[in-house]
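Novice: Next up is a structure, given as structure tokens.
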Amino acid sequence: MLEVRHLSAHYGQAQALFDISFQVAKGSMVLIQGLNGAGKSTLLKSLMGLMPQVQGEIFWQGENLMGKAPHQRSHLGLGYVPEDRRLFSALTVRQNLEIAVPHTGRHLASNPAHLGLGDVLNLFPSLEGMLDRPAAQMSGGEQQMLALGRTLMTQARMLLLDEPCEGISPLLVQSIAAALARLKQDGLSLLIAEQNQTLTPLADQVLNLAGGVLSSQVVSPRLTRP
Ligand code: ATP
């Protein structure tokens, strides 16, 4: 479970997040919805340790993340896919996936929960025919699948996704939504920023962010876990 308590973040003198508190239970999907400039990306970056000025508390599986560097949060199981995806465009799909494999003992293939190339291809079958293609030669939706796959190869158990369906063709949005639903079923926790309502039907909870303030907390009644 991820627990955020009284989180604030600044860019210099400008405050971008104000006293944010919420939780993401294991195996659940929480959406952060808000307009441009609401603070969605800032929130995800704050959780990943990528914002220089953050106050408050962030607990992941009981461990306090404050003061931990991004790579330490990654080792603890957090995986972040930024809006621009940050793929290695000159590397092939296979290289982009393999480069993400951690080399510490914790992630050895003998670990029963270890997620490998086969699992990623099972989740995104269309990547299989593109393994030797440079990432630069993929559509936006295909790149999003690759970015998700790469993050899964880090053995992430909590995904922080910044607008994963933005600017993607409806067909690929369906594939991505189906993959996210499967990951949730497999026990991964998902915190997803989005501007539209694309993933709302899959969500356990929808949080609204406006002007850096979590203005309301809407629980999806149909899909709330017992
Ligand atoms: P979008 O949907 O457009 O990505 P967002 O909800 O992700 O928007 P943020 O990018 O988190 O919003 O921005 C929140 C606030 O912080 C905005 O007022 C924005 O102008 C400001 N901001 C974002 N990045 C910086 C930066 N590098 N320096 C200063 N202010 C920033």
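Chain labels A, B, ... are given in the sequence in which chains occur in the structure tokens; within each chain residues are numbered consecutively from 1, and ligands are likewise numbered from 1 in the order shown.
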How close does chain A get to ligand 1? List, as CSV, each residue of chain A within 8 Å, its nearest atom pair and the distance in Å to one decimal, counting only C-alpha atoms and all ligand atoms.
Specialist:
residue,atom,partner,partner_atom_place_in_ligand_line,distance
A:His10,CA,ligand 1,16 (O),7.9
A:Tyr11,CA,ligand 1,29 (C),4.9
A:Gly12,CA,ligand 1,29 (C),7.2
A:Ala14,CA,ligand 1,30 (N),6.9
A:Gln15,CA,ligand 1,16 (O),7.5
A:Ala16,CA,ligand 1,16 (O),4.8
A:Leu17,CA,ligand 1,14 (C),7.6
A:Gly34,CA,ligand 1,6 (O),6.0
A:Leu35,CA,ligand 1,2 (O),5.8
A:Asn36,CA,ligand 1,3 (O),3.5
A:Gly37,CA,ligand 1,12 (O),3.4
A:Ala38,CA,ligand 1,6 (O),3.7
A:Gly39,CA,ligand 1,11 (O),3.2
A:Lys40,CA,ligand 1,6 (O),3.8
A:Ser41,CA,ligand 1,7 (O),3.6
A:Thr42,CA,ligand 1,11 (O),3.7
A:Leu43,CA,ligand 1,11 (O),6.5
A:Glu83,CA,ligand 1,4 (O),7.6
A:Asp162,CA,ligand 1,7 (O),7.8
A:Glu163,CA,ligand 1,2 (O),7.9
A:Ala193,CA,ligand 1,7 (O),7.7
A:Glu194,CA,ligand 1,2 (O),7.4
A:Gln195,CA,ligand 1,2 (O),6.5
A:Leu209,CA,ligand 1,6 (O),7.7
A:Gly211,CA,ligand 1,18 (O),7.2
A:Gly212,CA,ligand 1,14 (C),6.7
Novice: If we count only C-alpha atoms and set the cut-off at 12 Å, which residues sit around A:Lys68, ignoring sequence neighbours fewer than 3 positions away in its own chain? Please answer as a CSV table (one decimal) with C-alpha atoms, in the first residue's frame.
Specialist:
chain,number,residue,atom,x,y,z
A,46,SER,CA,7.2,13.9,-6.0
A,47,LEU,CA,6.3,10.3,-5.2
A,48,MET,CA,9.3,9.1,-7.4
A,49,GLY,CA,11.7,11.5,-5.7
A,50,LEU,CA,12.2,13.7,-8.7
A,51,MET,CA,11.1,17.0,-7.1
A,52,PRO,CA,13.7,19.0,-5.2
A,54,VAL,CA,8.8,18.2,-1.2
A,57,GLU,CA,5.2,11.9,4.3
A,58,ILE,CA,5.2,9.1,1.7
A,59,PHE,CA,5.0,5.5,2.9
A,60,TRP,CA,5.3,2.5,0.6
A,63,GLU,CA,8.7,2.2,4.5
A,64,ASN,CA,9.2,5.9,4.6
A,65,LEU,CA,10.3,7.1,1.2
A,71,HIS,CA,16.8,4.8,-7.8
A,72,GLN,CA,16.2,3.7,-4.2
A,73,ARG,CA,12.5,4.1,-4.7
A,74,SER,CA,12.8,2.0,-7.9
A,75,HIS,CA,14.6,-0.7,-6.0
A,76,LEU,CA,11.8,-0.7,-3.5
A,78,LEU,CA,8.1,1.9,-7.6
Novice: What is the atom CA of A:Asn96 to atom CA of A:Val30 distance in Å?
Specialist: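 Pair atom CA of A:Asn96 / atom CA of A:Val30 returns 27.3 Å.
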Novice: Taking the DSSP secondary structure from the backbone, can you list the residues of stretch 8-223 of chain A that are alpha helix (DSSP H), as a short mmCIF file (atom, residue, chain, number, x, y, z; two decimals) with all heavy atoms, in the first residue's frame?
Specialist:
data_model
loop_
_atom_site.label_atom_id
_atom_site.label_comp_id
_atom_site.auth_asym_id
_atom_site.auth_seq_id
_atom_site.Cartn_x
_atom_site.Cartn_y
_atom_site.Cartn_z
N LYS A 40 -0.72 17.20 -11.62
CA LYS A 40 -0.69 15.73 -11.72
C LYS A 40 0.76 15.23 -11.89
O LYS A 40 1.19 14.32 -11.17
CB LYS A 40 -1.55 15.26 -12.92
CG LYS A 40 -2.98 15.75 -12.90
CD LYS A 40 -3.80 15.24 -14.07
CE LYS A 40 -3.32 15.70 -15.42
NZ LYS A 40 -3.44 17.16 -15.64
N SER A 41 1.47 15.82 -12.84
CA SER A 41 2.85 15.37 -13.07
C SER A 41 3.72 15.66 -11.85
O SER A 41 4.57 14.85 -11.47
CB SER A 41 3.46 16.08 -14.29
OG SER A 41 2.68 15.84 -15.42
N THR A 42 3.49 16.82 -11.23
CA THR A 42 4.27 17.18 -10.04
C THR A 42 4.04 16.15 -8.93
O THR A 42 4.98 15.77 -8.23
CB THR A 42 3.85 18.58 -9.55
OG1 THR A 42 4.02 19.50 -10.63
CG2 THR A 42 4.66 19.02 -8.36
N LEU A 43 2.82 15.69 -8.79
CA LEU A 43 2.52 14.70 -7.76
C LEU A 43 3.27 13.40 -8.03
O LEU A 43 3.92 12.83 -7.14
CB LEU A 43 1.00 14.45 -7.70
CG LEU A 43 0.54 13.36 -6.74
CD1 LEU A 43 1.01 13.62 -5.32
CD2 LEU A 43 -0.99 13.24 -6.77
N LEU A 44 3.22 12.91 -9.28
CA LEU A 44 3.91 11.66 -9.59
C LEU A 44 5.42 11.82 -9.41
O LEU A 44 6.10 10.94 -8.87
CB LEU A 44 3.58 11.21 -11.02
CG LEU A 44 2.10 10.88 -11.29
CD1 LEU A 44 1.94 10.34 -12.70
CD2 LEU A 44 1.55 9.89 -10.28
N LYS A 45 5.95 12.96 -9.86
CA LYS A 45 7.40 13.20 -9.70
C LYS A 45 7.77 13.26 -8.21
O LYS A 45 8.83 12.78 -7.82
CB LYS A 45 7.80 14.51 -10.40
CG LYS A 45 7.88 14.37 -11.91
CD LYS A 45 8.54 15.57 -12.55
CE LYS A 45 7.57 16.66 -12.85
NZ LYS A 45 8.16 17.83 -13.53
N SER A 46 6.91 13.86 -7.42
CA SER A 46 7.19 13.94 -5.97
C SER A 46 7.26 12.55 -5.36
O SER A 46 8.11 12.25 -4.52
CB SER A 46 6.09 14.74 -5.25
OG SER A 46 6.02 16.04 -5.76
N LEU A 47 6.37 11.67 -5.79
CA LEU A 47 6.35 10.31 -5.24
C LEU A 47 7.60 9.54 -5.65
O LEU A 47 8.11 8.69 -4.91
CB LEU A 47 5.09 9.56 -5.69
CG LEU A 47 3.76 10.19 -5.25
CD1 LEU A 47 2.59 9.40 -5.80
CD2 LEU A 47 3.68 10.29 -3.74
N MET A 48 8.11 9.85 -6.85
CA MET A 48 9.27 9.12 -7.37
C MET A 48 10.58 9.72 -6.89
O MET A 48 11.66 9.20 -7.16
CB MET A 48 9.19 9.12 -8.90
CG MET A 48 9.99 8.04 -9.57
SD MET A 48 9.46 6.39 -9.05
CE MET A 48 10.96 5.45 -9.30
N PRO A 70 15.55 8.61 -6.34
CA PRO A 70 14.68 7.88 -7.29
C PRO A 70 15.11 6.43 -7.49
O PRO A 70 14.26 5.53 -7.52
CB PRO A 70 14.82 8.69 -8.58
CG PRO A 70 15.15 10.08 -8.12
CD PRO A 70 15.97 9.91 -6.89
N HIS A 71 16.43 6.17 -7.60
CA HIS A 71 16.84 4.78 -7.85
C HIS A 71 16.53 3.88 -6.65
O HIS A 71 16.25 2.70 -6.79
CB HIS A 71 18.32 4.70 -8.25
CG HIS A 71 19.28 4.94 -7.11
ND1 HIS A 71 19.70 6.19 -6.75
CD2 HIS A 71 19.88 4.08 -6.26
CE1 HIS A 71 20.52 6.09 -5.72
NE2 HIS A 71 20.66 4.82 -5.40
N GLN A 72 16.57 4.47 -5.44
CA GLN A 72 16.23 3.68 -4.25
C GLN A 72 14.73 3.35 -4.25
O GLN A 72 14.33 2.25 -3.90
CB GLN A 72 16.61 4.45 -2.98
CG GLN A 72 18.11 4.63 -2.82
CD GLN A 72 18.45 5.55 -1.65
OE1 GLN A 72 17.92 6.67 -1.54
NE2 GLN A 72 19.31 5.09 -0.78
N ARG A 73 13.92 4.32 -4.66
CA ARG A 73 12.46 4.08 -4.72
C ARG A 73 12.17 3.02 -5.79
O ARG A 73 11.29 2.19 -5.62
CB ARG A 73 11.73 5.39 -5.01
CG ARG A 73 11.98 6.42 -3.91
CD ARG A 73 11.17 7.69 -4.09
NE ARG A 73 11.77 8.77 -3.29
CZ ARG A 73 11.11 9.80 -2.77
NH1 ARG A 73 9.82 9.92 -2.98
NH2 ARG A 73 11.74 10.72 -2.08
N SER A 74 12.94 3.06 -6.87
CA SER A 74 12.78 2.05 -7.91
C SER A 74 13.13 0.66 -7.37
O SER A 74 12.40 -0.31 -7.58
CB SER A 74 13.67 2.41 -9.11
OG SER A 74 13.74 1.35 -10.01
N HIS A 75 14.23 0.58 -6.62
CA HIS A 75 14.62 -0.72 -6.02
C HIS A 75 13.54 -1.24 -5.08
O HIS A 75 13.38 -2.44 -4.92
CB HIS A 75 15.93 -0.59 -5.25
CG HIS A 75 17.14 -0.61 -6.12
ND1 HIS A 75 17.47 -1.70 -6.89
CD2 HIS A 75 18.08 0.31 -6.38
CE1 HIS A 75 18.56 -1.44 -7.58
NE2 HIS A 75 18.95 -0.21 -7.30
N VAL A 93 13.44 -2.39 -29.52
CA VAL A 93 12.44 -2.72 -28.50
C VAL A 93 13.05 -3.69 -27.48
O VAL A 93 12.96 -3.49 -26.27
CB VAL A 93 11.19 -3.33 -29.17
CG1 VAL A 93 10.25 -3.92 -28.14
CG2 VAL A 93 10.49 -2.26 -30.01
N ARG A 94 13.73 -4.71 -28.00
CA ARG A 94 14.33 -5.71 -27.10
C ARG A 94 15.36 -5.05 -26.18
O ARG A 94 15.37 -5.28 -24.97
CB ARG A 94 15.01 -6.82 -27.92
CG ARG A 94 15.59 -7.94 -27.07
CD ARG A 94 16.51 -8.82 -27.88
NE ARG A 94 15.82 -9.50 -28.96
CZ ARG A 94 15.13 -10.63 -28.82
NH1 ARG A 94 15.05 -11.21 -27.65
NH2 ARG A 94 14.55 -11.18 -29.87
N GLN A 95 16.19 -4.18 -26.76
CA GLN A 95 17.23 -3.53 -25.94
C GLN A 95 16.60 -2.62 -24.89
O GLN A 95 17.07 -2.57 -23.75
CB GLN A 95 18.17 -2.73 -26.85
CG GLN A 95 19.09 -3.61 -27.68
CD GLN A 95 19.80 -2.85 -28.78
OE1 GLN A 95 19.29 -1.86 -29.31
NE2 GLN A 95 20.99 -3.30 -29.13
N ASN A 96 15.54 -1.92 -25.27
CA ASN A 96 14.86 -1.06 -24.30
C ASN A 96 14.32 -1.88 -23.13
O ASN A 96 14.33 -1.42 -21.99
CB ASN A 96 13.71 -0.30 -24.97
CG ASN A 96 14.12 1.07 -25.46
OD1 ASN A 96 14.23 2.01 -24.69
ND2 ASN A 96 14.37 1.17 -26.77
N LEU A 97 13.85 -3.08 -23.43
CA LEU A 97 13.30 -3.92 -22.36
C LEU A 97 14.41 -4.53 -21.52
O LEU A 97 14.35 -4.53 -20.29
CB LEU A 97 12.42 -5.02 -22.96
CG LEU A 97 11.12 -4.54 -23.61
CD1 LEU A 97 10.44 -5.68 -24.37
CD2 LEU A 97 10.16 -3.98 -22.56
N GLU A 98 15.46 -5.01 -22.20
CA GLU A 98 16.51 -5.72 -21.46
C GLU A 98 17.35 -4.78 -20.60
O GLU A 98 17.86 -5.18 -19.54
CB GLU A 98 17.38 -6.52 -22.43
CG GLU A 98 16.59 -7.73 -22.95
CD GLU A 98 17.34 -8.56 -23.97
OE1 GLU A 98 18.36 -8.09 -24.49
OE2 GLU A 98 16.87 -9.70 -24.24
N LEU A 117 10.86 -10.99 -20.03
CA LEU A 117 10.49 -10.58 -21.39
C LEU A 117 9.23 -11.29 -21.87
O LEU A 117 8.33 -10.68 -22.45
CB LEU A 117 11.68 -10.88 -22.33
CG LEU A 117 11.51 -10.47 -23.78
CD1 LEU A 117 11.34 -8.96 -23.92
CD2 LEU A 117 12.71 -10.93 -24.60
N GLY A 118 9.15 -12.60 -21.60
CA GLY A 118 7.99 -13.38 -22.03
C GLY A 118 6.69 -12.84 -21.44
O GLY A 118 5.66 -12.80 -22.12
N ASP A 119 6.75 -12.42 -20.18
CA ASP A 119 5.55 -11.87 -19.53
C ASP A 119 5.12 -10.56 -20.18
O ASP A 119 3.94 -10.30 -20.37
CB ASP A 119 5.81 -11.65 -18.04
CG ASP A 119 6.21 -12.92 -17.33
OD1 ASP A 119 5.40 -13.86 -17.31
OD2 ASP A 119 7.34 -12.99 -16.82
N VAL A 120 6.12 -9.73 -20.51
CA VAL A 120 5.80 -8.44 -21.14
C VAL A 120 5.19 -8.69 -22.53
O VAL A 120 4.20 -8.05 -22.92
CB VAL A 120 7.07 -7.55 -21.24
CG1 VAL A 120 6.80 -6.33 -22.12
CG2 VAL A 120 7.52 -7.12 -19.85
N LEU A 121 5.74 -9.65 -23.26
CA LEU A 121 5.21 -9.94 -24.60
C LEU A 121 3.82 -10.58 -24.50
O LEU A 121 2.97 -10.39 -25.38
CB LEU A 121 6.17 -10.85 -25.36
CG LEU A 121 7.55 -10.22 -25.64
CD1 LEU A 121 8.44 -11.20 -26.39
CD2 LEU A 121 7.43 -8.92 -26.40
N ASN A 122 3.60 -11.30 -23.44
CA ASN A 122 2.28 -11.88 -23.20
C ASN A 122 1.24 -10.78 -22.94
O ASN A 122 0.10 -10.85 -23.39
CB ASN A 122 2.40 -12.82 -22.00
CG ASN A 122 1.16 -13.65 -21.83
OD1 ASN A 122 0.27 -13.23 -21.10
ND2 ASN A 122 1.08 -14.77 -22.52
N LEU A 123 1.70 -9.77 -22.25
CA LEU A 123 0.82 -8.64 -21.91
C LEU A 123 0.59 -7.75 -23.14
O LEU A 123 -0.52 -7.23 -23.35
CB LEU A 123 1.48 -7.83 -20.79
CG LEU A 123 0.64 -6.88 -19.98
CD1 LEU A 123 -0.47 -7.62 -19.23
CD2 LEU A 123 1.53 -6.15 -18.96
N GLY A 140 2.91 6.22 -31.22
CA GLY A 140 2.83 6.67 -29.84
C GLY A 140 2.28 5.60 -28.91
O GLY A 140 2.78 5.39 -27.80
N GLY A 141 1.26 4.89 -29.37
CA GLY A 141 0.66 3.84 -28.55
C GLY A 141 1.60 2.68 -28.34
O GLY A 141 1.69 2.11 -27.24
N GLU A 142 2.33 2.32 -29.40
CA GLU A 142 3.31 1.22 -29.28
C GLU A 142 4.43 1.63 -28.32
O GLU A 142 4.89 0.82 -27.50
CB GLU A 142 3.87 0.88 -30.66
CG GLU A 142 2.84 0.23 -31.57
CD GLU A 142 3.20 0.28 -33.04
OE1 GLU A 142 4.20 0.95 -33.41
OE2 GLU A 142 2.47 -0.31 -33.85
N GLN A 143 4.83 2.89 -28.41
CA GLN A 143 5.88 3.38 -27.49
C GLN A 143 5.38 3.34 -26.05
O GLN A 143 6.14 3.05 -25.13
CB GLN A 143 6.29 4.80 -27.87
CG GLN A 143 7.09 4.86 -29.15
CD GLN A 143 7.67 6.23 -29.41
OE1 GLN A 143 7.48 7.16 -28.64
NE2 GLN A 143 8.36 6.37 -30.52
N GLN A 144 4.11 3.64 -25.87
CA GLN A 144 3.56 3.61 -24.50
C GLN A 144 3.59 2.18 -23.96
O GLN A 144 3.93 1.94 -22.80
CB GLN A 144 2.13 4.15 -24.50
CG GLN A 144 1.51 4.26 -23.12
CD GLN A 144 2.24 5.24 -22.21
OE1 GLN A 144 2.57 6.35 -22.59
NE2 GLN A 144 2.53 4.82 -20.98
N MET A 145 3.25 1.21 -24.82
CA MET A 145 3.32 -0.20 -24.39
C MET A 145 4.76 -0.56 -24.02
O MET A 145 5.00 -1.25 -23.02
CB MET A 145 2.86 -1.12 -25.52
CG MET A 145 1.39 -1.01 -25.81
SD MET A 145 1.00 -2.16 -27.15
CE MET A 145 -0.68 -1.67 -27.49
N LEU A 146 5.70 -0.11 -24.85
CA LEU A 146 7.11 -0.41 -24.57
C LEU A 146 7.54 0.25 -23.26
O LEU A 146 8.24 -0.39 -22.44
CB LEU A 146 7.98 0.08 -25.74
CG LEU A 146 9.48 -0.09 -25.58
CD1 LEU A 146 9.86 -1.54 -25.28
CD2 LEU A 146 10.22 0.39 -26.83
N ALA A 147 7.12 1.48 -23.04
CA ALA A 147 7.50 2.17 -21.79
C ALA A 147 6.93 1.44 -20.58
O ALA A 147 7.60 1.28 -19.56
CB ALA A 147 7.01 3.61 -21.84
N LEU A 148 5.69 0.97 -20.71
CA LEU A 148 5.09 0.19 -19.61
C LEU A 148 5.85 -1.11 -19.41
O LEU A 148 6.15 -1.50 -18.28
CB LEU A 148 3.63 -0.12 -19.95
CG LEU A 148 2.61 0.95 -19.58
CD1 LEU A 148 1.28 0.67 -20.27
CD2 LEU A 148 2.42 0.96 -18.07
N GLY A 149 6.14 -1.78 -20.53
CA GLY A 149 6.87 -3.05 -20.47
C GLY A 149 8.23 -2.86 -19.82
O GLY A 149 8.65 -3.66 -18.97
N ARG A 150 8.90 -1.80 -20.19
CA ARG A 150 10.23 -1.54 -19.63
C ARG A 150 10.14 -1.32 -18.11
O ARG A 150 10.96 -1.83 -17.35
CB ARG A 150 10.84 -0.30 -20.30
CG ARG A 150 12.27 -0.07 -19.88
CD ARG A 150 12.84 1.16 -20.51
NE ARG A 150 12.12 2.36 -20.11
CZ ARG A 150 12.47 3.60 -20.46
NH1 ARG A 150 13.50 3.79 -21.25
NH2 ARG A 150 11.78 4.63 -20.05
N THR A 151 9.12 -0.60 -17.69
CA THR A 151 8.96 -0.35 -16.25
C THR A 151 8.65 -1.65 -15.52
O THR A 151 9.13 -1.89 -14.41
CB THR A 151 7.86 0.70 -16.03
OG1 THR A 151 8.25 1.87 -16.73
CG2 THR A 151 7.69 1.03 -14.56
N LEU A 152 7.87 -2.53 -16.16
CA LEU A 152 7.57 -3.82 -15.53
C LEU A 152 8.84 -4.67 -15.39
O LEU A 152 8.99 -5.42 -14.42
CB LEU A 152 6.52 -4.57 -16.35
CG LEU A 152 5.13 -3.92 -16.32
CD1 LEU A 152 4.22 -4.56 -17.35
CD2 LEU A 152 4.52 -4.02 -14.92
N MET A 153 9.75 -4.54 -16.36
CA MET A 153 11.01 -5.31 -16.31
C MET A 153 11.87 -4.88 -15.12
O MET A 153 12.78 -5.61 -14.71
CB MET A 153 11.81 -5.12 -17.60
CG MET A 153 11.13 -5.69 -18.83
SD MET A 153 11.20 -7.48 -18.94
CE MET A 153 12.83 -7.75 -19.60
N PRO A 170 -7.66 4.90 -30.48
CA PRO A 170 -8.61 4.19 -29.61
C PRO A 170 -8.32 2.69 -29.48
O PRO A 170 -8.47 2.11 -28.41
CB PRO A 170 -9.95 4.43 -30.29
CG PRO A 170 -9.77 5.68 -31.08
CD PRO A 170 -8.32 5.73 -31.49
N LEU A 171 -7.86 2.08 -30.57
CA LEU A 171 -7.59 0.64 -30.53
C LEU A 171 -6.46 0.32 -29.54
O LEU A 171 -6.56 -0.62 -28.74
CB LEU A 171 -7.23 0.14 -31.93
CG LEU A 171 -7.41 -1.35 -32.16
CD1 LEU A 171 -8.88 -1.74 -32.02
CD2 LEU A 171 -6.88 -1.74 -33.54
N LEU A 172 -5.40 1.12 -29.61
CA LEU A 172 -4.27 0.88 -28.71
C LEU A 172 -4.62 1.27 -27.28
O LEU A 172 -4.12 0.66 -26.33
CB LEU A 172 -3.02 1.61 -29.19
CG LEU A 172 -2.39 1.04 -30.47
CD1 LEU A 172 -1.06 1.70 -30.78
CD2 LEU A 172 -2.19 -0.45 -30.38
N VAL A 173 -5.49 2.26 -27.13
CA VAL A 173 -5.96 2.61 -25.78
C VAL A 173 -6.63 1.40 -25.16
O VAL A 173 -6.42 1.07 -23.99
CB VAL A 173 -6.91 3.83 -25.81
CG1 VAL A 173 -7.69 3.94 -24.51
CG2 VAL A 173 -6.14 5.11 -26.06
N GLN A 174 -7.43 0.70 -25.97
CA GLN A 174 -8.10 -0.52 -25.46
C GLN A 174 -7.09 -1.56 -25.01
O GLN A 174 -7.25 -2.19 -23.96
CB GLN A 174 -8.95 -1.13 -26.57
CG GLN A 174 -10.35 -0.55 -26.65
CD GLN A 174 -11.14 -1.21 -27.77
OE1 GLN A 174 -10.93 -2.36 -28.11
NE2 GLN A 174 -12.05 -0.45 -28.36
N SER A 175 -6.02 -1.74 -25.80
CA SER A 175 -4.99 -2.73 -25.42
C SER A 175 -4.31 -2.32 -24.13
O SER A 175 -4.04 -3.16 -23.26
CB SER A 175 -3.91 -2.84 -26.50
OG SER A 175 -4.49 -3.14 -27.72
N ILE A 176 -4.02 -1.02 -24.02
CA ILE A 176 -3.33 -0.55 -22.81
C ILE A 176 -4.25 -0.70 -21.60
O ILE A 176 -3.83 -1.17 -20.53
CB ILE A 176 -2.85 0.91 -23.00
CG1 ILE A 176 -1.69 0.91 -24.00
CG2 ILE A 176 -2.44 1.54 -21.68
CD1 ILE A 176 -1.27 2.27 -24.49
N ALA A 177 -5.51 -0.34 -21.77
CA ALA A 177 -6.47 -0.46 -20.65
C ALA A 177 -6.60 -1.93 -20.23
O ALA A 177 -6.62 -2.23 -19.03
CB ALA A 177 -7.82 0.11 -21.06
N ALA A 178 -6.64 -2.83 -21.20
CA ALA A 178 -6.76 -4.26 -20.87
C ALA A 178 -5.52 -4.73 -20.11
O ALA A 178 -5.62 -5.51 -19.14
CB ALA A 178 -6.95 -5.08 -22.15
N ALA A 179 -4.35 -4.26 -20.54
CA ALA A 179 -3.11 -4.65 -19.85
C ALA A 179 -3.10 -4.11 -18.42
O ALA A 179 -2.72 -4.82 -17.48
CB ALA A 179 -1.91 -4.12 -20.62
N LEU A 180 -3.55 -2.89 -18.24
CA LEU A 180 -3.56 -2.31 -16.89
C LEU A 180 -4.53 -3.08 -15.99
O LEU A 180 -4.24 -3.32 -14.81
CB LEU A 180 -3.94 -0.82 -16.96
CG LEU A 180 -2.93 0.08 -17.70
CD1 LEU A 180 -3.45 1.52 -17.76
CD2 LEU A 180 -1.57 0.04 -17.02
N ALA A 181 -5.66 -3.50 -16.57
CA ALA A 181 -6.63 -4.28 -15.79
C ALA A 181 -6.00 -5.61 -15.36
O ALA A 181 -6.19 -6.06 -14.22
CB ALA A 181 -7.89 -4.52 -16.61
N ARG A 182 -5.23 -6.23 -16.25
CA ARG A 182 -4.57 -7.50 -15.90
C ARG A 182 -3.52 -7.30 -14.81
O ARG A 182 -3.39 -8.12 -13.88
CB ARG A 182 -3.89 -8.08 -17.14
CG ARG A 182 -4.78 -9.07 -17.87
CD ARG A 182 -4.09 -9.65 -19.06
NE ARG A 182 -2.97 -10.53 -18.74
CZ ARG A 182 -2.17 -11.06 -19.66
NH1 ARG A 182 -2.38 -10.81 -20.93
NH2 ARG A 182 -1.18 -11.84 -19.31
N LEU A 183 -2.78 -6.21 -14.92
CA LEU A 183 -1.73 -5.95 -13.91
C LEU A 183 -2.36 -5.74 -12.54
O LEU A 183 -1.85 -6.21 -11.52
CB LEU A 183 -0.91 -4.72 -14.33
CG LEU A 183 -0.04 -4.94 -15.57
CD1 LEU A 183 0.55 -3.62 -16.05
CD2 LEU A 183 1.08 -5.94 -15.27
N LYS A 184 -3.48 -5.04 -12.54
CA LYS A 184 -4.21 -4.81 -11.28
C LYS A 184 -4.66 -6.15 -10.69
O LYS A 184 -4.49 -6.41 -9.50
CB LYS A 184 -5.41 -3.92 -11.60
CG LYS A 184 -6.24 -3.50 -10.42
CD LYS A 184 -7.16 -2.35 -10.83
CE LYS A 184 -8.58 -2.81 -11.06
NZ LYS A 184 -9.44 -2.67 -9.89
N GLN A 185 -5.17 -7.00 -11.57
CA GLN A 185 -5.61 -8.33 -11.13
C GLN A 185 -4.45 -9.14 -10.55
O GLN A 185 -4.63 -9.93 -9.62
CB GLN A 185 -6.18 -9.07 -12.34
CG GLN A 185 -7.45 -9.80 -12.05
CD GLN A 185 -8.09 -10.28 -13.34
OE1 GLN A 185 -7.43 -10.40 -14.38
NE2 GLN A 185 -9.37 -10.53 -13.29
#
